[in-house]
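Student: input-v6.cif is the file, holding mmCIF, C-alpha atoms and all ligand atoms:
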```cif
data_start
#
loop_
_atom_site.label_atom_id
_atom_site.label_comp_id
_atom_site.auth_asym_id
_atom_site.auth_seq_id
_atom_site.Cartn_x
_atom_site.Cartn_y
_atom_site.Cartn_z
CA MET A 100 -2.20 -5.29 -16.61
CA THR A 101 0.20 -7.82 -15.18
CA MET A 102 2.96 -6.82 -12.83
CA SER A 103 6.03 -8.64 -11.69
CA ASP A 104 6.62 -9.14 -8.00
CA ASP A 105 9.44 -6.60 -8.28
CA ASP A 106 7.06 -4.03 -9.77
CA LEU A 107 4.60 -4.57 -6.96
CA ALA A 108 7.31 -4.35 -4.32
CA ARG A 109 8.42 -1.01 -5.74
CA LEU A 110 4.87 0.35 -5.57
CA ASP A 111 4.51 -0.95 -2.02
CA ASP A 112 7.78 0.63 -1.01
CA ARG A 113 6.71 4.04 -2.35
CA LEU A 114 3.42 3.80 -0.46
CA ASP A 115 5.26 2.75 2.71
CA ARG A 116 7.70 5.62 2.53
CA LEU A 117 5.02 8.18 1.68
CA VAL A 118 2.80 7.39 4.64
CA ASN A 119 5.72 7.10 7.04
CA LEU A 120 7.01 10.57 6.20
CA ASP A 121 6.89 12.02 9.70
CA ILE A 122 5.04 15.25 8.90
CA GLY A 123 3.68 15.44 12.44
CA ASN A 124 7.19 15.03 13.92
CA ARG A 125 6.11 12.19 16.21
CA GLY A 126 9.03 9.83 15.69
CA VAL A 127 7.26 7.24 13.54
CA GLU A 128 10.28 6.72 11.32
CA HIS A 129 11.98 4.64 14.04
CA LEU A 130 8.90 2.47 14.35
CA TYR A 131 8.72 2.10 10.59
CA GLU A 132 12.34 0.98 10.34
CA ALA A 133 11.75 -1.64 13.03
CA ALA A 134 8.49 -2.88 11.50
CA ARG A 135 9.98 -2.98 7.98
CA ASP A 136 12.94 -4.91 9.32
CA ARG A 137 10.65 -7.36 11.09
CA GLU A 138 8.49 -7.84 7.99
CA GLY A 139 11.39 -8.16 5.56
CA ARG A 140 9.32 -6.46 2.85
CA PRO A 141 7.14 -3.34 2.46
CA LEU A 142 4.45 -3.23 5.11
CA VAL A 143 1.46 -2.17 3.05
CA GLY A 144 1.96 -4.99 0.56
CA ALA A 145 2.08 -7.57 3.33
CA ALA A 146 -1.10 -6.10 4.84
CA ALA A 147 -2.92 -5.93 1.49
CA GLU A 148 -2.13 -9.56 0.73
CA ARG A 149 -3.43 -10.70 4.11
CA LEU A 150 -6.64 -8.74 3.58
CA LEU A 151 -7.13 -10.06 0.05
CA ALA A 152 -6.53 -13.60 1.31
CA VAL A 153 -9.85 -13.40 3.18
CA PRO A 154 -12.14 -15.77 1.28
CA GLU A 155 -15.10 -14.56 -0.76
CA GLY A 156 -18.01 -14.02 1.64
CA GLY A 157 -15.73 -14.26 4.67
CA THR A 158 -15.90 -12.33 7.92
CA VAL A 159 -13.52 -9.69 9.27
CA VAL A 160 -13.61 -8.11 12.72
CA LEU A 161 -12.36 -4.53 12.69
CA THR A 162 -11.75 -2.13 15.51
CA THR A 163 -10.90 1.52 15.77
CA GLY A 164 -11.87 4.52 17.80
CA SER A 165 -10.33 6.08 20.78
CA VAL A 166 -12.10 7.81 23.62
CA SER A 167 -9.62 10.61 23.49
CA ARG A 168 -10.30 12.48 26.72
CA ALA A 169 -11.42 9.51 28.81
CA TRP A 170 -10.46 11.14 32.10
CA ILE A 171 -12.98 13.94 31.39
CA THR A 172 -15.67 11.94 29.57
CA PRO A 173 -15.69 8.53 27.88
CA GLU A 174 -18.04 9.81 25.18
CA ILE A 175 -15.72 11.80 22.92
CA GLY A 176 -13.82 10.06 20.15
CA GLU A 177 -11.02 11.23 17.90
CA ASN A 178 -10.83 11.53 14.14
CA ASP A 179 -7.76 9.44 13.52
CA GLY A 180 -8.98 5.87 13.07
CA PRO A 181 -12.60 5.88 11.90
CA SER A 182 -12.05 7.08 8.32
CA GLY A 183 -9.16 4.66 7.83
CA ALA A 184 -11.18 1.75 9.18
CA ALA A 185 -14.03 2.74 6.86
CA ALA A 186 -11.68 2.75 3.85
CA ILE A 187 -10.49 -0.77 4.71
CA ALA A 188 -13.99 -2.12 5.42
CA ARG A 189 -15.22 -0.69 2.12
CA ALA A 190 -12.31 -2.25 0.20
CA LEU A 191 -12.98 -5.64 1.85
CA VAL A 192 -16.65 -5.52 0.94
CA LEU A 193 -15.97 -4.51 -2.67
CA ALA A 194 -13.15 -7.00 -3.14
CA ARG A 195 -14.52 -10.04 -1.31
CA ASN A 196 -18.13 -9.39 -0.20
CA VAL A 197 -16.80 -9.61 3.33
CA THR A 198 -19.10 -9.31 6.34
CA CYS A 199 -17.35 -6.59 8.37
CA VAL A 200 -18.05 -6.31 12.10
CA VAL A 201 -16.69 -3.14 13.73
CA LEU A 202 -16.15 -3.28 17.49
CA ALA A 203 -16.00 -0.10 19.55
CA GLU A 204 -17.37 1.58 22.65
CA GLU A 205 -21.16 1.92 22.74
CA ALA A 206 -20.64 5.69 22.93
CA LEU A 207 -18.69 5.72 19.66
CA LEU A 208 -20.90 3.42 17.57
CA GLN A 209 -22.99 6.33 16.29
CA PRO A 210 -20.16 8.59 15.05
CA ILE A 211 -18.08 5.71 13.67
CA GLY A 212 -21.21 4.25 12.05
CA ALA A 213 -21.86 7.61 10.40
CA VAL A 214 -18.33 7.52 8.94
CA MET A 215 -18.94 3.98 7.63
CA THR A 216 -22.17 5.12 5.99
CA THR A 217 -20.43 8.07 4.36
CA ALA A 218 -17.85 5.60 3.02
CA GLY A 219 -20.71 3.74 1.34
CA LEU A 220 -21.58 1.02 3.84
CA THR A 221 -25.08 0.50 5.21
CA CYS A 222 -24.98 -0.13 8.98
CA THR A 223 -27.05 -3.16 9.81
CA ASP A 224 -27.28 -6.26 12.02
CA ILE A 225 -25.26 -9.41 11.52
CA GLU A 226 -28.06 -11.46 9.95
CA THR A 227 -28.79 -8.78 7.36
CA ALA A 228 -25.08 -8.30 6.68
CA ARG A 229 -24.62 -12.02 6.06
CA ALA A 230 -27.61 -12.07 3.73
CA ALA A 231 -26.25 -9.05 1.87
CA SER A 232 -22.85 -10.69 1.57
CA ALA A 233 -24.35 -13.90 0.17
CA ASP A 234 -26.44 -11.90 -2.29
CA CYS A 235 -23.53 -9.62 -3.30
CA SER A 236 -26.04 -6.82 -3.75
CA LEU A 237 -25.53 -4.49 -0.79
CA ALA A 238 -22.41 -3.12 0.89
CA THR A 239 -22.92 -3.31 4.65
CA VAL A 240 -21.13 -3.10 7.96
CA VAL A 241 -22.14 -4.22 11.45
CA MET A 242 -21.44 -1.85 14.34
CA GLN A 243 -21.18 -3.74 17.63
CA ALA A 244 -20.38 -2.62 21.16
CA TYR A 245 -17.59 -4.27 23.13
CA PRO A 246 -17.48 -4.26 26.96
CA THR A 247 -15.54 -1.52 28.70
CA ASP A 248 -14.39 -3.37 31.79
CA ASP A 249 -11.63 -5.95 32.08
CA ALA A 250 -13.70 -8.88 33.35
CA ALA A 251 -16.52 -8.55 30.82
CA GLY A 252 -14.06 -7.83 28.02
CA ALA A 253 -12.22 -11.06 28.77
CA ALA A 254 -15.45 -13.02 29.26
CA VAL A 255 -16.97 -12.26 25.86
CA ALA A 256 -13.81 -12.70 23.75
CA ASN A 257 -14.18 -16.44 23.25
CA THR A 258 -17.90 -16.51 22.60
CA MET A 259 -17.67 -13.59 20.19
CA LEU A 260 -14.94 -15.35 18.19
CA ASP A 261 -16.94 -18.59 18.26
CA ASP A 262 -20.05 -16.78 17.03
CA LEU A 263 -18.49 -14.56 14.37
CA LYS A 264 -15.82 -17.00 13.13
CA PRO A 265 -13.68 -14.22 11.65
CA ASP A 266 -11.18 -15.02 8.91
CA LEU A 267 -9.04 -12.04 9.95
CA LEU A 268 -8.97 -9.21 12.49
CA PHE A 269 -7.98 -5.65 11.67
CA SER A 270 -7.18 -2.82 14.03
CA THR A 271 -6.31 0.78 13.34
CA GLU A 272 -5.54 3.46 15.90
CA ARG A 273 -6.93 1.36 18.74
CA VAL A 274 -4.97 1.58 21.96
CA GLY A 275 -4.01 -1.65 23.69
CA ARG A 276 -3.15 -2.15 27.34
CA ASN A 277 0.45 -2.40 28.53
CA GLU A 278 1.93 -5.26 30.55
CA LYS A 279 0.34 -3.83 33.70
CA GLY A 280 -3.10 -3.81 32.12
CA ILE A 281 -3.22 -0.01 31.75
CA TYR A 282 -4.22 1.92 28.62
CA HIS A 283 -2.02 4.96 28.05
CA ASN A 284 -2.21 7.94 25.77
CA MET A 285 0.91 9.32 24.08
CA GLY A 286 1.49 11.55 27.07
CA GLY A 287 1.91 8.48 29.26
CA ARG A 288 -1.41 9.06 31.01
CA ASP A 289 -3.87 6.32 32.03
CA TYR A 290 -6.98 6.83 29.88
CA GLY A 291 -8.62 3.45 30.17
CA MET A 292 -11.88 4.78 31.63
CA GLY A 293 -14.88 3.75 29.52
CA ARG A 294 -12.59 2.12 26.96
CA ALA A 295 -13.66 -1.05 25.17
CA ARG A 296 -11.30 -3.93 26.01
CA VAL A 297 -11.11 -5.04 22.38
CA ASP A 298 -7.43 -5.87 22.75
CA LEU A 299 -8.46 -8.83 24.91
CA LEU A 300 -10.39 -10.24 21.96
CA PHE A 301 -7.38 -9.67 19.69
CA ASP A 302 -5.16 -11.54 22.14
CA GLU A 303 -7.55 -14.48 22.10
CA ALA A 304 -7.63 -14.39 18.29
CA ILE A 305 -3.83 -14.42 18.15
CA ALA A 306 -3.79 -17.38 20.55
CA ARG A 307 -6.11 -19.18 18.15
CA GLY A 308 -3.79 -18.48 15.23
CA LEU A 309 -6.17 -16.12 13.43
CA PRO A 310 -4.41 -13.54 11.23
CA VAL A 311 -4.22 -10.00 12.63
CA VAL A 312 -3.32 -6.86 10.68
CA ALA A 313 -2.81 -3.68 12.70
CA VAL A 314 -2.09 -0.04 11.93
CA GLY A 315 -0.63 2.47 14.36
CA ASP A 316 1.27 5.72 14.53
CA GLY A 317 2.40 6.11 18.11
CA GLY A 318 3.40 2.96 19.97
CA ASN A 319 0.45 2.49 22.32
CA GLU A 320 -1.79 0.78 19.75
CA ILE A 321 -2.74 -2.85 19.15
CA GLY A 322 0.03 -4.36 17.01
CA MET A 323 2.91 -2.39 18.50
CA ALA A 324 4.21 -5.33 20.53
CA ARG A 325 5.74 -6.34 17.19
CA VAL A 326 8.19 -3.40 17.53
CA ARG A 327 8.28 -3.24 21.31
CA ASP A 328 12.01 -2.53 21.57
CA ALA A 329 11.77 0.41 19.16
CA VAL A 330 8.85 1.93 21.07
CA ILE A 331 10.77 1.66 24.32
CA ALA A 332 13.90 3.13 22.76
CA HIS A 333 12.41 5.98 20.74
CA VAL A 334 8.93 6.99 21.92
CA PRO A 335 8.46 9.34 24.89
CA PHE A 336 7.04 7.29 27.81
CA GLY A 337 7.81 4.11 25.88
CA ASP A 338 9.65 2.72 28.88
CA THR A 339 8.04 4.64 31.75
CA CYS A 340 4.59 6.22 31.80
CA THR A 341 3.40 9.05 34.03
CA CYS A 342 0.52 7.14 35.66
CA GLY A 343 2.66 5.27 38.14
CA CYS A 344 1.75 1.75 36.97
CA GLY A 345 5.43 0.94 36.55
CA GLY A 346 5.21 0.17 32.83
CA GLY A 347 5.54 2.12 29.61
CA ILE A 348 2.96 2.91 26.97
CA VAL A 349 3.80 0.08 24.55
CA ALA A 350 0.86 -2.24 23.97
CA VAL A 351 1.29 -5.92 24.76
CA THR A 352 -0.88 -6.98 21.81
CA GLY A 353 0.97 -7.79 18.60
CA ALA A 354 -0.07 -8.51 15.04
CA ASP A 355 1.01 -10.70 12.14
CA VAL A 356 1.47 -7.57 10.06
CA LEU A 357 2.00 -4.14 11.60
CA VAL A 358 1.69 -1.11 9.35
CA THR A 359 3.14 2.04 10.83
CA ALA A 360 2.26 5.48 9.48
CA ALA A 361 2.69 9.11 10.47
CA CYS A 362 -1.10 9.15 10.91
CA SER A 363 -2.97 5.86 11.18
CA ASN A 364 -5.53 6.93 8.60
CA TRP A 365 -2.72 7.25 6.06
CA GLY A 366 -1.64 3.68 6.70
CA CYS A 367 -5.15 2.54 5.81
CA THR A 368 -5.22 4.72 2.70
CA ALA A 369 -1.96 3.13 1.54
CA ILE A 370 -3.18 -0.41 2.28
CA ALA A 371 -6.32 0.25 0.22
CA ALA A 372 -4.10 1.44 -2.65
CA ALA A 373 -1.97 -1.71 -2.40
CA MET A 374 -5.17 -3.79 -2.44
CA ALA A 375 -6.41 -1.92 -5.52
CA ALA A 376 -3.11 -2.50 -7.30
CA ARG A 377 -3.24 -6.24 -6.63
CA ALA A 378 -6.91 -6.62 -7.52
CA GLY A 379 -6.57 -4.38 -10.58
CA ASP A 380 -9.66 -2.65 -9.24
CA ALA A 381 -9.72 1.14 -8.86
CA ARG A 382 -12.92 0.90 -6.80
CA LEU A 383 -10.85 -0.27 -3.83
CA LEU A 384 -8.93 3.02 -3.65
CA HIS A 385 -9.57 5.47 -0.85
CA THR A 386 -9.78 8.55 -3.05
CA PRO A 387 -9.08 12.17 -2.09
CA GLU A 388 -12.76 12.88 -2.81
CA ALA A 389 -13.79 10.21 -0.30
CA GLU A 390 -11.25 11.47 2.21
CA GLY A 391 -12.80 14.95 2.01
CA ARG A 392 -16.29 13.54 2.59
CA LEU A 393 -15.12 11.46 5.56
CA LEU A 394 -13.32 14.42 7.12
CA ASP A 395 -16.51 16.46 6.85
CA CYS A 396 -18.52 13.59 8.33
CA MET A 397 -16.16 13.24 11.28
CA VAL A 398 -16.46 16.95 12.04
CA ALA A 399 -20.24 16.79 11.73
CA ASN A 400 -20.30 13.90 14.20
CA GLY A 401 -18.12 15.58 16.79
CA LEU A 402 -14.94 13.52 16.49
CA ILE A 403 -12.01 15.59 17.68
CA ASN A 404 -8.56 16.40 16.40
CA SER A 405 -6.89 14.82 19.41
CA THR A 406 -3.70 16.89 19.18
CA HIS A 407 -5.58 20.13 19.74
CA GLY A 408 -8.66 18.85 21.60
CA ILE A 409 -11.09 20.51 19.26
CA VAL A 410 -13.56 19.38 16.63
CA ASP A 411 -11.92 20.12 13.30
CA ASP A 412 -10.61 18.29 10.25
CA ASN A 413 -6.90 18.61 11.06
CA VAL A 414 -6.52 14.98 12.10
CA ASP A 415 -3.64 14.49 14.56
CA GLY A 416 -2.99 18.22 14.26
CA ILE A 417 -2.04 17.83 10.58
CA ALA A 418 -3.83 20.15 8.17
CA ARG A 419 -6.81 18.83 6.20
CA ALA A 420 -5.11 19.50 2.87
CA SER A 421 -2.33 17.06 3.79
CA HIS A 422 -4.80 14.23 4.44
CA VAL A 423 -6.49 14.82 1.10
CA ALA A 424 -3.08 15.06 -0.57
CA ILE A 425 -1.92 11.74 0.90
CA ALA A 426 -4.97 10.05 -0.65
CA GLU A 427 -4.17 11.72 -3.97
CA LEU A 428 -0.53 10.64 -3.84
CA CYS A 429 -1.43 7.05 -2.95
CA ARG A 430 -3.77 6.99 -5.91
CA SER A 431 -1.08 8.47 -8.15
CA ILE A 432 1.45 5.86 -7.06
CA VAL A 433 -0.76 2.97 -8.15
CA ALA A 434 -2.59 4.71 -11.02
CA ARG A 435 -0.39 3.27 -13.75
CA VAL A 436 -1.45 -0.28 -12.90
CA LEU A 437 -5.17 0.42 -12.66
ZN ZN B 501 1.11 3.61 33.57
#
```
Using the file provided, produce a representation of the structure as structure tokens.
Ligand SMILES: [Zn+2]
Tutor:
Amino acid sequence: MTMSDDDLARLDDRLDRLVNLDIGNRGVEHLYEAARDREGRPLVGAAAERLLAVPEGGTVVLTTGSVSRAWITPEIGENDGPSGAAAIARALVLARNVTCVVLAEEALLQPIGAVMTTAGLTCTDIETARAASADCSLATVVMQAYPTDDAAGAAVANTMLDDLKPDLLFSTERVGRNEKGIYHNMGGRDYGMGRARVDLLFDEAIARGLPVVAVGDGGNEIGMARVRDAVIAHVPFGDTCTCGCGGGIVAVTGADVLVTAACSNWGCTAIAAAMAARAGDARLLHTPEAEGRLLDCMVANGLINSTHGIVDDNVDGIARASHVAIAELCRSIVARVL
């Protein structure tokens, strides 16, 4: 079925507005307005087109995962981020046979890898992933650790980009440092301990002119520099943190396209729907059935609901049924063109 650009823009706009409905009452609507204004068009459509512009057999670096209680232990991750990243990686593999390389803390590779597997991707090494991509016969993902200290994180950025030669970088729910080099949670607290310095690699990629698509829901994530003024104006601790570093929580790392959402996973669900609509391929959807499986997987692998500090499927403190419903509504919005 062919669609006019106006038709597509209307679908994109519905997806945008759905996933930016601030159910968690976290103030995302201000960030959405700023990002939408900056983009000049619906956010999810812009993101989907960047992702689908990756060439057949190309390479994408993805990052997600947040060590949520870093000041207690750097080994516990949260459940906003991984399922959304898995939905995007899966869509990239199905649409373009992309080799996806996911960067995270060593401690989080196992749980995030389990989420990728549940989404349909076999975790493997880079050589096998490239062979699978060339053969178009196996959906894979590469889980790779990124250094957790500033010096090593900066040192490997260039060589990693030289080695992987990514066509695009994608981040969802991955905190970036502020202008003082500190990583803050939404409470304005320094929680950089044991955190992979992936934002340093993204900065290097941006300096090289590589396209970056980022998803966030708070203001402290990679990509949020694109709406810096709005974070400072509207997000608690946007201008002044509580750690004493003298900065606010807004990340210094930007993006070519920033997708805001009330929960980062929803932003990814909506992007996958916008990709499916463009490709005319329902396989690219992140379905409510898949969302349910990924929520179960994240619980089974100990990823926490970071709002309540407990292992359950109420991501960001929002009830499970809402996450499944968002996937259903995204599918419904694009169903008529699939
Ligand atoms: Zn601070």
Student: For ligand ZN 501 (chain B), which of A:Ala206, A:Ile348, A:Val153, A:Ala332 is the closest residue, counting only C-alpha atoms and all ligand atoms?
Tutor: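 That would be A:Ile348, the residue with the smallest distance to ligand ZN 501 (chain B).
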Student: Considering all atoms listed in the file, state which residue in the set A:Val414, A:Ala251, A:Cys340, A:Val436 is at the smallest distance from Gly123 of chain A.
Tutor: A:Val414
Student: Around ligand ZN 501 (chain B), at most 9 Å away and counting only C-alpha atoms and all ligand atoms, which residues are there? Put them as number ranges by chain, please.
Tutor: A: 277, 279-283, 287-289, 339-348
Student: Neighbouring residues of Leu130 of chain A were defined as those with any atom within 7 Å, considering only C-alpha atoms; residues of the same chain fewer than 4 positions away were excluded. Please report them as a list in words.
Tutor: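 These residues fall inside the cut-off: Ala134, Val326, Ala329, Val330 and Thr359 of chain A.
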Student: Output as CSV one row per residue of segment 201-280 of chain A within 8 Å of segment 156-171 of chain A: the closest atom pair and its distance in Å to one decimal place, counting all atoms listed in the file, sorted by chain and residue number ascending.
Tutor:
```
residue,atom,partner,partner_atom,distance
A:Val201,CA,A:Leu161,CA,4.7
A:Leu202,CA,A:Thr162,CA,5.0
A:Ala203,CA,A:Thr162,CA,6.2
A:Glu204,CA,A:Gly164,CA,7.9
A:Leu207,CA,A:Gly164,CA,7.2
A:Ile211,CA,A:Gly164,CA,7.6
A:Ser232,CA,A:Gly156,CA,5.9
A:Ala233,CA,A:Gly156,CA,6.5
A:Leu263,CA,A:Thr158,CA,7.3
A:Lys264,CA,A:Thr158,CA,7.0
A:Pro265,CA,A:Thr158,CA,4.7
A:Asp266,CA,A:Thr158,CA,5.5
A:Leu267,CA,A:Val159,CA,5.1
A:Leu268,CA,A:Val160,CA,4.8
A:Phe269,CA,A:Leu161,CA,4.6
A:Ser270,CA,A:Thr162,CA,4.9
A:Thr271,CA,A:Thr163,CA,5.2
A:Glu272,CA,A:Thr163,CA,5.7
A:Arg273,CA,A:Thr163,CA,5.0
A:Val274,CA,A:Ser165,CA,7.1
```
Student: Which value, in Å to one decimal, gives the distance between atom CA of Thr172 of chain A and atom CA of Ile403 of chain A?
Tutor: 13.0 Å
Student: Using all atoms listed in the file, find the one residue out of A:Asp316, A:Ala108, A:Arg435, A:Ala376 that sits nearest to Asp179 of chain A.
Tutor: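 Of all the options, A:Asp316 lies closest to Asp179 of chain A.
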Student: Using all atoms listed in the file, which of A:Leu384, A:Cys222, A:Val118, A:Ala354 sits nearest Pro310 of chain A?
Tutor: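 Distance minimum relative to Pro310 of chain A lands on A:Ala354.
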Student: Give as number ranges by chain the set of residues within 10 Å of the point (0.5, -7.2, 12.5), where distances use the file's coordinates and all atoms listed in the file.
Tutor: A: 134, 138, 142, 145-146, 149, 268-270, 310-315, 321-326, 352-359
Student: Go ahead and write the residues just picked, C-alpha atoms, as a tab-separated table (two decimals), keeping the file's coordinate frame.
Tutor:
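Saved to out_18.tsv:
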```tsv
chain	number	residue	atom	x	y	z
A	134	ALA	CA	8.49	-2.88	11.50
A	138	GLU	CA	8.49	-7.84	7.99
A	142	LEU	CA	4.45	-3.23	5.11
A	145	ALA	CA	2.08	-7.57	3.33
A	146	ALA	CA	-1.10	-6.10	4.84
A	149	ARG	CA	-3.43	-10.70	4.11
A	268	LEU	CA	-8.97	-9.21	12.49
A	269	PHE	CA	-7.98	-5.65	11.67
A	270	SER	CA	-7.18	-2.82	14.03
A	310	PRO	CA	-4.41	-13.54	11.23
A	311	VAL	CA	-4.22	-10.00	12.63
A	312	VAL	CA	-3.32	-6.86	10.68
A	313	ALA	CA	-2.81	-3.68	12.70
A	314	VAL	CA	-2.09	-0.04	11.93
A	315	GLY	CA	-0.63	2.47	14.36
A	321	ILE	CA	-2.74	-2.85	19.15
A	322	GLY	CA	0.03	-4.36	17.01
A	323	MET	CA	2.91	-2.39	18.50
A	324	ALA	CA	4.21	-5.33	20.53
A	325	ARG	CA	5.74	-6.34	17.19
A	326	VAL	CA	8.19	-3.40	17.53
A	352	THR	CA	-0.88	-6.98	21.81
A	353	GLY	CA	0.97	-7.79	18.60
A	354	ALA	CA	-0.07	-8.51	15.04
A	355	ASP	CA	1.01	-10.70	12.14
A	356	VAL	CA	1.47	-7.57	10.06
A	357	LEU	CA	2.00	-4.14	11.60
A	358	VAL	CA	1.69	-1.11	9.35
A	359	THR	CA	3.14	2.04	10.83
```
Student: Just to confirm, what's the straight-line distance from atom CA of Gly408 of chain A to atom CA of Cys367 of chain A in Å (one decimal)?
Tutor: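 Those two atoms sit 23.0 Å apart.
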Student: Name the residues in contact with Met397 of chain A at a cut-off of 9 Å, using all atoms listed in the file, excluding same-chain residues fewer than 4 positions from it; report them as an mmCIF file with C-alpha atoms, in the coordinates of the input.
Tutor:
```cif
data_model
loop_
_atom_site.group_PDB
_atom_site.id
_atom_site.type_symbol
_atom_site.label_atom_id
_atom_site.label_comp_id
_atom_site.auth_asym_id
_atom_site.auth_seq_id
_atom_site.Cartn_x
_atom_site.Cartn_y
_atom_site.Cartn_z
ATOM 1 C CA GLU A 177 -11.020 11.230 17.900
ATOM 2 C CA ASN A 178 -10.830 11.530 14.140
ATOM 3 C CA PRO A 181 -12.600 5.880 11.900
ATOM 4 C CA SER A 182 -12.050 7.080 8.320
ATOM 5 C CA PRO A 210 -20.160 8.590 15.050
ATOM 6 C CA ILE A 211 -18.080 5.710 13.670
ATOM 7 C CA ALA A 213 -21.860 7.610 10.400
ATOM 8 C CA VAL A 214 -18.330 7.520 8.940
ATOM 9 C CA ARG A 392 -16.290 13.540 2.590
ATOM 10 C CA LEU A 393 -15.120 11.460 5.560
ATOM 11 C CA GLY A 401 -18.120 15.580 16.790
ATOM 12 C CA LEU A 402 -14.940 13.520 16.490
ATOM 13 C CA ILE A 403 -12.010 15.590 17.680
ATOM 14 C CA VAL A 410 -13.560 19.380 16.630
ATOM 15 C CA ASP A 411 -11.920 20.120 13.300
ATOM 16 C CA ASP A 412 -10.610 18.290 10.250
#
```
Student: Just how far from atom CA of Ser431 of chain A is atom CA of Leu151 of chain A, in Å to one decimal?
Tutor: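 Calculated distance between atom CA of Leu151 of chain A and atom CA of Ser431 of chain A is 21.1 Å.
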Student: Pick from A:Glu226, A:Glu427, A:Asp248, A:Asp302: nearest to Asp262 of chain A, with all atoms listed in the file counted?
Tutor: A:Glu226
Student: For Met215 of chain A, list every protein, DNA or RNA residue within 12 Å, evaluated using only C-alpha atoms, and leave out those in the same chain fewer than 6 positions away; present the list as JSON, numbers by chain.
Tutor: {"A": [161, 163, 180, 181, 182, 183, 184, 185, 186, 187, 188, 189, 190, 192, 199, 200, 201, 208, 209, 221, 222, 223, 238, 239, 240, 241, 242, 389, 392, 393, 394, 396, 397, 400]}
Student: Which neighbours of Gly126 of chain A fall inside 8 Å, counting only C-alpha atoms, when residues of the same chain fewer than 5 positions from it are skipped, and could you give them as a CSV table (one decimal) with C-alpha atoms, keeping the file's coordinate frame?
Tutor:
```csv
chain,number,residue,atom,x,y,z
A,121,ASP,CA,6.9,12.0,9.7
A,317,GLY,CA,2.4,6.1,18.1
A,333,HIS,CA,12.4,6.0,20.7
A,334,VAL,CA,8.9,7.0,21.9
```
Student: Measuring between all atoms listed in the file, which one of A:Val423, A:Ala254, A:Ala350, A:Val433 shows the shortest distance to Arg109 of chain A?
Tutor: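 Counting all atoms listed in the file, the residue closest to Arg109 of chain A is A:Val433.
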Student: Box for segment 418-433 of chain A - axis-aligned, 8 Å on each of the six sides, all listed atoms - centre and size in Å to one decimal, as lines of an AutoDock Vina configuration file.
Tutor:
```
center_x = -2.7
center_y = 11.6
center_z = 0.0
size_x = 24.3
size_y = 33.2
size_z = 32.3
```
Student: How would segment 310-319 of chain A look written as a tab-separated table (two decimals), in the first residue's frame with N, CA, C and O atoms?
Tutor:
```
chain	number	residue	atom	x	y	z
A	310	PRO	N	25.78	9.52	11.95
A	310	PRO	CA	24.44	9.80	12.45
A	310	PRO	C	24.17	9.14	13.81
A	310	PRO	O	24.58	7.99	14.02
A	311	VAL	N	23.51	9.88	14.69
A	311	VAL	CA	23.16	9.38	16.02
A	311	VAL	C	21.67	9.60	16.26
A	311	VAL	O	21.16	10.70	16.07
A	312	VAL	N	21.00	8.53	16.65
A	312	VAL	CA	19.59	8.60	17.06
A	312	VAL	C	19.53	8.23	18.53
A	312	VAL	O	20.13	7.23	18.94
A	313	ALA	N	18.85	9.04	19.33
A	313	ALA	CA	18.80	8.79	20.77
A	313	ALA	C	17.38	8.91	21.29
A	313	ALA	O	16.58	9.71	20.80
A	314	VAL	N	17.10	8.09	22.31
A	314	VAL	CA	15.79	8.08	22.96
A	314	VAL	C	16.00	8.34	24.45
A	314	VAL	O	16.93	7.78	25.06
A	315	GLY	N	15.16	9.19	25.02
A	315	GLY	CA	15.25	9.46	26.45
A	315	GLY	C	13.94	9.93	27.01
A	315	GLY	O	13.05	10.37	26.28
A	316	ASP	N	13.82	9.84	28.33
A	316	ASP	CA	12.57	10.25	28.98
A	316	ASP	C	12.76	11.24	30.11
A	316	ASP	O	11.78	11.72	30.69
A	317	GLY	N	14.03	11.53	30.47
A	317	GLY	CA	14.21	12.34	31.66
A	317	GLY	C	14.94	13.66	31.43
A	317	GLY	O	14.50	14.71	31.90
A	318	GLY	N	16.07	13.60	30.76
A	318	GLY	CA	16.89	14.79	30.55
A	318	GLY	C	18.36	14.54	30.82
A	318	GLY	O	19.22	15.33	30.42
A	319	ASN	N	18.65	13.42	31.47
A	319	ASN	CA	20.05	13.08	31.78
A	319	ASN	C	20.66	12.11	30.76
A	319	ASN	O	21.79	11.68	30.93
```
